[in-house]
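Peer 1: Before I ask anything, here is the structure I am working with.
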Protein chains: 6
Amino acid sequence: MSRYGAQYGPDVTFLGVPRCDWREPSTYADAHVVVLGAPFDGGTSHRPGTRFGPQAIRQACYLPHDGSRPSLALRVDGLVGVYDAGDVEMFSGDAVRSVHDLQEAVHAITATGAVPLVLGGDHTIAWPDAAGVAQHLGAGRVSMIHFDAHADTGDVEFGSLVGHGQPMRRLIESGALRGDRFLQVGLRGYWPGPETLTWMAEQGMRSYEMTEIGVRGLDACLTEAFAIALDDCDGVFLSVDVDVCDPAHAPGTGTPEPGGLTARQLLDAVRRIAVELPVVGMDVVEVSPPYDHAELTSFLANRVVLEALSGMARRRRGDPWDPARPLLDGR
Amino acid sequence: MSRYGAQYGPDVTFLGVPRCDWREPSTYADAHVVVLGAPFDGGTSHRPGTRFGPQAIRQACYLPHDGSRPSLALRVDGLVGVYDAGDVEMFSGDAVRSVHDLQEAVHAITATGAVPLVLGGDHTIAWPDAAGVAQHLGAGRVSMIHFDAHADTGDVEFGSLVGHGQPMRRLIESGALRGDRFLQVGLRGYWPGPETLTWMAEQGMRSYEMTEIGVRGLDACLTEAFAIALDDCDGVFLSVDVDVCDPAHAPGTGTPEPGGLTARQLLDAVRRIAVELPVVGMDVVEVSPPYDHAELTSFLANRVVLEALSGMARRRRGDPWDPARPLLDGR
Amino acid sequence: MSRYGAQYGPDVTFLGVPRCDWREPSTYADAHVVVLGAPFDGGTSHRPGTRFGPQAIRQACYLPHDGSRPSLALRVDGLVGVYDAGDVEMFSGDAVRSVHDLQEAVHAITATGAVPLVLGGDHTIAWPDAAGVAQHLGAGRVSMIHFDAHADTGDVEFGSLVGHGQPMRRLIESGALRGDRFLQVGLRGYWPGPETLTWMAEQGMRSYEMTEIGVRGLDACLTEAFAIALDDCDGVFLSVDVDVCDPAHAPGTGTPEPGGLTARQLLDAVRRIAVELPVVGMDVVEVSPPYDHAELTSFLANRVVLEALSGMARRRRGDPWDPARPLLDGR
Amino acid sequence: MSRYGAQYGPDVTFLGVPRCDWREPSTYADAHVVVLGAPFDGGTSHRPGTRFGPQAIRQACYLPHDGSRPSLALRVDGLVGVYDAGDVEMFSGDAVRSVHDLQEAVHAITATGAVPLVLGGDHTIAWPDAAGVAQHLGAGRVSMIHFDAHADTGDVEFGSLVGHGQPMRRLIESGALRGDRFLQVGLRGYWPGPETLTWMAEQGMRSYEMTEIGVRGLDACLTEAFAIALDDCDGVFLSVDVDVCDPAHAPGTGTPEPGGLTARQLLDAVRRIAVELPVVGMDVVEVSPPYDHAELTSFLANRVVLEALSGMARRRRGDPWDPARPLLDGR
Amino acid sequence: MSRYGAQYGPDVTFLGVPRCDWREPSTYADAHVVVLGAPFDGGTSHRPGTRFGPQAIRQACYLPHDGSRPSLALRVDGLVGVYDAGDVEMFSGDAVRSVHDLQEAVHAITATGAVPLVLGGDHTIAWPDAAGVAQHLGAGRVSMIHFDAHADTGDVEFGSLVGHGQPMRRLIESGALRGDRFLQVGLRGYWPGPETLTWMAEQGMRSYEMTEIGVRGLDACLTEAFAIALDDCDGVFLSVDVDVCDPAHAPGTGTPEPGGLTARQLLDAVRRIAVELPVVGMDVVEVSPPYDHAELTSFLANRVVLEALSGMARRRRGDPWDPARPLLDGR
Amino acid sequence: MSRYGAQYGPDVTFLGVPRCDWREPSTYADAHVVVLGAPFDGGTSHRPGTRFGPQAIRQACYLPHDGSRPSLALRVDGLVGVYDAGDVEMFSGDAVRSVHDLQEAVHAITATGAVPLVLGGDHTIAWPDAAGVAQHLGAGRVSMIHFDAHADTGDVEFGSLVGHGQPMRRLIESGALRGDRFLQVGLRGYWPGPETLTWMAEQGMRSYEMTEIGVRGLDACLTEAFAIALDDCDGVFLSVDVDVCDPAHAPGTGTPEPGGLTARQLLDAVRRIAVELPVVGMDVVEVSPPYDHAELTSFLANRVVLEALSGMARRRRGDPWDPARPLLDGR
């Protein structure tokens, strides 16, 4: 049996949802979403610790771990039909083997029709995560919405093609994803340099730096991005690096870059994506508990997952949603 | 003599204001406001530590503890006429006795004409706080403005009617406050469930979830809420749970919920309430110093208190206030 | 079904041992020891947080949570025959109800012949823990070895008979335990005062203050204490308050008193007790994770439990043990 | 040779730029900007620790320390032509001597035509920093833009004219700077009192308190301030106290005042100033690493420096800059 | 009136003892000991923060702040006859003025016959502390027992004669104390260099490095030192730098040096000194709360003070004390 | 040129010793010891972070970083003849490549006659460290003294032969070191299991578990071990895992095991080894700054290095050393 449980610590599931084994589709036959842990930090270029991310994200909640979370805003329970397949065993000292094993698991889940939701781990895992989905849905059929302070389009770093600064390049170069269906939100700072930016432009990527977001507004940028994402693609992969938020909101991460989104902005954006777009895969990455305080970053990542799950559930319900409606005016 | 001082630590007063004894009205004959500590965390459902809240809030300031704080924005000294009655002795292992004793103290202070300002402690204390005020002003004569991430309208929790998730229900069910004069600001997340939300709607409560606040703007929501609060009521009780703010601004709390208000938003809202409405009682709750960092949350709570006191002082002065006026253009 | 799981967080067991339900003896028919969590901090007089102690102690290990821990020193696996019954639901705001419910569970476990091992929680729980054992084995038939910086023999504190400063008095006054079979190790500091010390002397208690331990040596004191403990008693209850250790070794606790034992001393002492004496019940208390750093105190408490379990297992094996034997000279 | 290196720790330079010696202009003949450390916290009125500010700000980056930082937003490398002269030796126990020595260094750098950029240290250093620049450019020829929660216009504090609450008064009283070319941004809270505010008004200072900024918008305030700053002055000194940001964004500081700017707002404002105005000197102060968490405040200060350097470089390049332009649309 | 209270924070006294004013001997006519705060960290060569030492040491206790602490070991209440004169105002930016003002206060207290007990502050203050005592008792009439990792016999440091690395040299060079009545305990590490060691040897100092203490035993070293201290001197000044303890026991300090005493060793040594020698003055220094965790170092310093006070009280009682006596065998 | 500097952060050297390039023996022709950083944590089984160990150990000192450290105890300057070759670039995501590159560097240094002193990094590096030395001195000619809580003799872990739990097995299995010249000090806890212990016994290893050390004394154990180490070997490799110390002394590490040595014990033992034995290589590993507090563990590791360097320098001087000699009695 391949279920690994939590690699670092006891075998807990995301907020108490049922366990399953990704190699045994019968254990999650009615799943909408399957959670998978990727406790890997061998690809990070700076502060490690994301190997403890999956366990921290699964547990960071003050409510009972009972597999139920009715959303106040959306009036659905996002945890219905969610299973947790435990962690993929990933040795941080062997990035190549680790990403290979992870892609196999993601692909297997996707092949059953369930949406894989991977808890990182450093951003290295976005390569196998999105590639595993594309392996099933077809090369170039999945667009990417990528929240991050960094473009993650580096080439060779530390002498390796595999690392947390390069997954997006690998995805495009391998043909798994189309560069011109790559939407990046929240970039800022001082990396990468001109050469890489030129490569990105050549691929047709669309990257919203914080300056543009500040001037135009996040919602306008998202609306524009949604149209690109839906153009001749069958689904959207959502990759959320918590460092897209300002370090005040997400201190527990490896490469914090001041000047990011607020937690409120990120939660609202994730909700919109899940409600409005056909999400076929997702990961939440770069939560590093050793650098966190009072579990701030783990709580945030847990809520990013819940917003996505709640949004997907609401989308399945099908009726329109009015964000201006008072809470107690009913559904 | 009943003055207890600081239950946990030496007997200090809020920023150096004079001591008083709540059982001896002569010790605070000219008081506008009397501060009272409620060092109780026996009602919290998750991370404790709010028993150290009163002492932390009293001390969290880098300026001299001299009983004077001239407000830059409002050009009044909010500490004039403020006394500190010390803590009510509250044993966290006996919630029922503790809330009883607290209500007695709050009522006694209210009966003298002074406004009680209670420093929590967990939110359990809102029941005796507001009930003690209503006990004097009359059942249903006090409206409630309640800043919080959570509705706090649970019924029985952990086998008890008394706890930090239930005070608002107790206040309404007991008749002390009217459900349709209950204004909640900042709710979000995944609690409570549909049954409780239905109960809340039936009471006529008005709860502004963060989504609505985001879409409509906080100021518009407040203006609407103010009108309800003033409708056939004689005064307003203001209950501020610091977790209404995003955990980035208030990490030192028991049940942090990402996606909240900024500190700036909360301070501005509290100021507006104190300037525009007849506040007859207030509490600031859920500051948990063990989970704080660099006193961030204690500083914030201290400033929430000062904004309220400054606003009340400005309201007593009576002349209009223009927030757009440059600081150095005088009073 | 009464198994509660972990009250604060997911349902994990001590290092992965099997789950059981204390109300269903069939679920732990072959148990030597049953672990029980007591997540209660309503009785603490100062820093709270021990409600998170049981979960922290269960998880504080860097090895696989696989229900097996072969001891290097004793060459036995202390986790064989160990079950975890989860937590007793304890509302910190109701100490009286909480201790009642805990005693019921401890008694039920003892009645099956298994040894209850309770993870606190504050020291309030020693009353129901030892009383629950004595309820089965008979009043006065169980002696007590009590590691602590504090005597815990207070009378009324905060207006209550129930709290973490009074369990030992309750045990003696109720007749559950004999005062002259009460062995205290590690006392120091400035509490209690003369009146209580006189009461303690009158009960015939034997309290080893750190000064005596320093002058005579811990081993000599223990040897003397063991003789008293075995005199006309049928078993020993071992109560370990982590604050018996110096705060350098156990910072995460509520009432730290400098000048205590080293971790090495405590671990050696606990091992000796488990190997040499018939332990019939045990608790490990006062681990307060919010005040811990890098899990130091949780790790220590986890190892205190393991030393006790390993020692009991070695005692069951029956052959003599030579602490001077080189590690690799075999069993 | 007078280069001191890092006073507290090894001799590192700001992100790897070349070393120089401020007494030897030949060592920085082609410099646009010279970084200087002022590791002094003897003037702080509350939490110290800013002596470790310069070293922390120099190192707080997860990218290679290679003396190059291409800005995503501005498409220039702000570190070209930047040198680091190390720290001025400043004994925190002798404020008078320390500020004298610092001013000598700042003046020497300014006299070569390079822009001095001083890393504090507490805000005491703004006096010698700006006075050293004015010493070369002429009394009254330099305007001041001052980001801060506090006016820093106190008179005697702790019996001294020199301290972190008084530099702005010293600058004006000494005639180095004109009071009516003093622009303060971000003031709030409860200091100073009416007497000092009156003095400030008499000097013609223009202070934007957070309330005005909230009502009018930061950009409108800045535009207004820029016009004043350029009126009959030859250059602008930019003094950034990190406590202008909300404590959520800058916890590692000595006198945190809730309700401040976000990191994003500060970074955008600094960029605008550097692009639009002739900056002739700058300091970044009040970073106190002992109170920081996960280097949040050091990272922020590092980026404030980089935004200024990048903006100055872009200004030197001369072509207009459109903040709404998409990142990948090229330069 | 000169009483300053707590310079940083509210006016609290050491564990609740009565307030007094050192300039008004009538306010402490019956004092055995007067506590004085010296909140100065302008003399430290590395991590600051000791300015918050006095307030932290005064408050670091989990028992009621009621001015009473009966010692378990010594069966006396060390707080009888103890007053707290508050802090001397000390500006960390002016070391020369600060030490002058402190010496004046210490001398005034000594002149009344009370023993001054100064809470630092960095070790700079040992100069005025011991000099203030010698000023009254006579040059060369007071011996010094000095617990420290460092000799503190530097000459000029940072261009200043006044600092925390030089007080012992100043005391000897000024003639206040005799070099050959200087007993140092706990030195270790890599400072000072040979030149200073030679100077120390020339003064006839006796310095017990940790190696010698390890080989000979602390008690033997102390016995030897006591004989020297009593030889032709009238009293002993006891100066305790908490860094004499291993950083595990005292992390909250400025210049931690691994390999020090345990807390237990220090407490026992201080007790012996207070019981066996005529202590005429004392200070406890180098507690730096910003670097502390869970108040470990503040608790330790508080207990160092209490052990000294209890020992002095026991010495005043006059009857012999047997450390091997069981706790409950009475007084 | 191959010198890499500090992989994570600016290029600093150990306490300011001269830089060198290990590929260019001319840059360290007169070296006694060459420091090398191994910033690798890809092999750790639990808490990562040791990649920041080398930089932290190099900087953890409050004295000037001037390349000089006269030892109080040994009266030599251990930094004379010490060079720092910077870090070997090690990608934590590729353990196999990383250990290969490290061994090459260690071997190159050894071949010049200098002693390599490697700063870890996790304990994975002991394999290339000792193998690199043996590669030059000959298989089986180097004995090993290994301080650790863990035996590090695992076989395959996480599917890999390379990791921090297996270096000692690799060294023996490869023939680089003889199993019967392997001396382990400080083992304890619950790992490894019987099978591995049997393998260890078969190799003739000698492992001193803490129980034996407690009963027999550390010095007696060391004396016995020294004799084995010198028997038919030409030199000793000293490998110090900081977790051999109790977590109180070394909290910043990956797999803390309570009940270890004190810092004093470790420092004394390292000094004895360096003075009494021919050390031909050394590493200090498992310092994980993210889990450290107030730099405790980094300070300890820095002093372990300095004790070794000082001891080697004293050994080179050749005259006998008397630890009981008073400090000021001269050399």
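Ligands are numbered from 1 in the order shown, chains are lettered A, B, ... in the order of the structure tokens, and residues start at 1 in each chain.
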Env of Val12 in chain E: 7 Å cut, atoms = only C-alpha atoms, seq-sep filter 6 positions within chain, self excluded. Answer as a list of chain:residue names.
Peer 2: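 In the requested form, the answer reads B:Pro10, E:Gly5, E:Ala6.
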Peer 1: With C-alpha atoms retained, write the just-selected residues as a short mmCIF file (atom, residue, chain, number, x, y, z; two decimals), in the first residue's frame.
Peer 2:
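Output file part.cif follows:
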data_model
loop_
_atom_site.label_atom_id
_atom_site.label_comp_id
_atom_site.auth_asym_id
_atom_site.auth_seq_id
_atom_site.Cartn_x
_atom_site.Cartn_y
_atom_site.Cartn_z
CA PRO B 10 2.23 44.22 40.20
CA GLY E 5 9.99 54.94 39.55
CA ALA E 6 10.61 52.56 36.72
#
Peer 1: Using only C-alpha atoms, which protein or nucleic acid residues come within 7 Å of range 113-124 of chain A? Drop anything in the same chain fewer than 3 positions from it, and give the result as a ChimeraX atom specification.
Peer 2: /A:31-41,43-44,50-51,53-54,106,109-110,127,162-164,167,280-286
Peer 1: Please give the complete set of residues from range 44-136 of chain F that DSSP, run on the backbone, assigns to strand (DSSP E), formatted as a ChimeraX atom specification.
Peer 2: /F:82-87,115-120
Peer 1: Run DSSP on the backbone and give me the residues of range 105-322 of chain E it puts in alpha helix (DSSP H), as a ChimeraX atom specification.
Peer 2: /E:105-111,126-137,167-173,194-203,210-216,218-230,263-276,296-317
Peer 1: Quick one: distance from CA of Trp191 in chain D to CA of His100 in chain D in Å, one decimal?
Peer 2: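 These atoms are spaced 27.3 Å apart.
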Peer 1: With 7 Å as the cut-off and only C-alpha atoms counted, what is the closest atom pair between each nearby residue of chain D and chain B? Distances in Å to one decimal, ordered by chain and number, as a tab-separated table.
Peer 2:
residue	atom	partner	partner_atom	distance
D:His46	CA	B:Tyr62	CA	5.9
D:Arg188	CA	B:Leu72	CA	6.3
D:Gly189	CA	B:Leu72	CA	5.9
D:Tyr190	CA	B:Ser71	CA	4.7
D:Trp191	CA	B:Leu72	CA	6.8
D:Gly193	CA	B:Pro70	CA	5.9
D:Leu197	CA	B:Leu328	CA	6.7
D:Ala201	CA	B:Leu328	CA	5.4
D:Ser207	CA	B:Leu327	CA	6.2
D:Tyr208	CA	B:Pro326	CA	6.6
D:Glu209	CA	B:Leu327	CA	6.1
D:Thr211	CA	B:Pro323	CA	6.0
D:Glu212	CA	B:Ala324	CA	4.8
D:Val215	CA	B:Ala324	CA	6.0
D:Arg216	CA	B:Ala324	CA	7.0
D:Pro247	CA	B:Leu296	CA	6.5
D:Ala248	CA	B:His249	CA	4.9
D:Pro251	CA	B:Ala294	CA	6.5
D:Thr255	CA	B:Tyr62	CA	6.0
D:Pro258	CA	B:Leu300	CA	5.6
D:Gly259	CA	B:Arg264	CA	4.0
D:Gly260	CA	B:Arg264	CA	6.6
D:Tyr291	CA	B:Ala294	CA	5.7
Peer 1: Can you write just those residues out, C-alpha atoms, as a short mmCIF file (atom, residue, chain, number, x, y, z; two decimals), in the first residue's frame?
Peer 2:
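So result_24.cif came out as:
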data_model
loop_
_atom_site.label_atom_id
_atom_site.label_comp_id
_atom_site.auth_asym_id
_atom_site.auth_seq_id
_atom_site.Cartn_x
_atom_site.Cartn_y
_atom_site.Cartn_z
CA HIS D 46 12.62 52.92 24.60
CA ARG D 188 0.05 59.45 14.37
CA GLY D 189 -0.61 58.61 17.96
CA TYR D 190 -0.06 60.61 21.12
CA TRP D 191 3.20 62.46 20.87
CA GLY D 193 1.96 67.44 23.06
CA LEU D 197 2.92 71.12 17.95
CA ALA D 201 3.39 75.17 13.30
CA SER D 207 3.04 67.29 8.77
CA TYR D 208 0.72 64.73 7.20
CA GLU D 209 -0.90 62.76 10.00
CA THR D 211 -5.90 60.66 9.28
CA GLU D 212 -5.27 63.22 6.56
CA VAL D 215 -8.90 60.83 3.77
CA ARG D 216 -6.94 62.45 0.96
CA PRO D 247 4.07 47.36 13.31
CA ALA D 248 2.73 44.38 11.36
CA PRO D 251 7.87 44.83 14.21
CA THR D 255 8.68 52.65 19.41
CA PRO D 258 -0.16 50.92 15.34
CA GLY D 259 -2.04 52.24 12.34
CA GLY D 260 0.79 53.02 9.92
CA TYR D 291 12.68 42.81 18.23
#
Peer 1: Please measure the separation of CA of Ala105 in chain F and CA of Ser45 in chain F, giving the value in Å to one decimal.
Peer 2: 25.1 Å
Peer 1: For CA of Asp152 in chain F and CA of Gln55 in chain F, determine how far apart the two atoms are, in Å to one decimal place.
Peer 2: 24.3 Å
Peer 1: For range 174-186 of chain A, list every protein, DNA or RNA residue within 8 Å, evaluated using only C-alpha atoms, and leave out those in the same chain fewer than 4 positions away; present the list as a VMD selection string.
Peer 2: chain A and resid 130 to 131 134 to 135 138 to 151 170 200 203 to 210 213 225 228 to 229 244 260 to 261
Peer 1: Neighbours of range 272-278 of chain B within 9 Å (only C-alpha atoms; same-chain residues fewer than 5 positions away dropped), as a ChimeraX atom specification?
Peer 2: /B:145,222,226,229-230,234-238,267,307-316,321
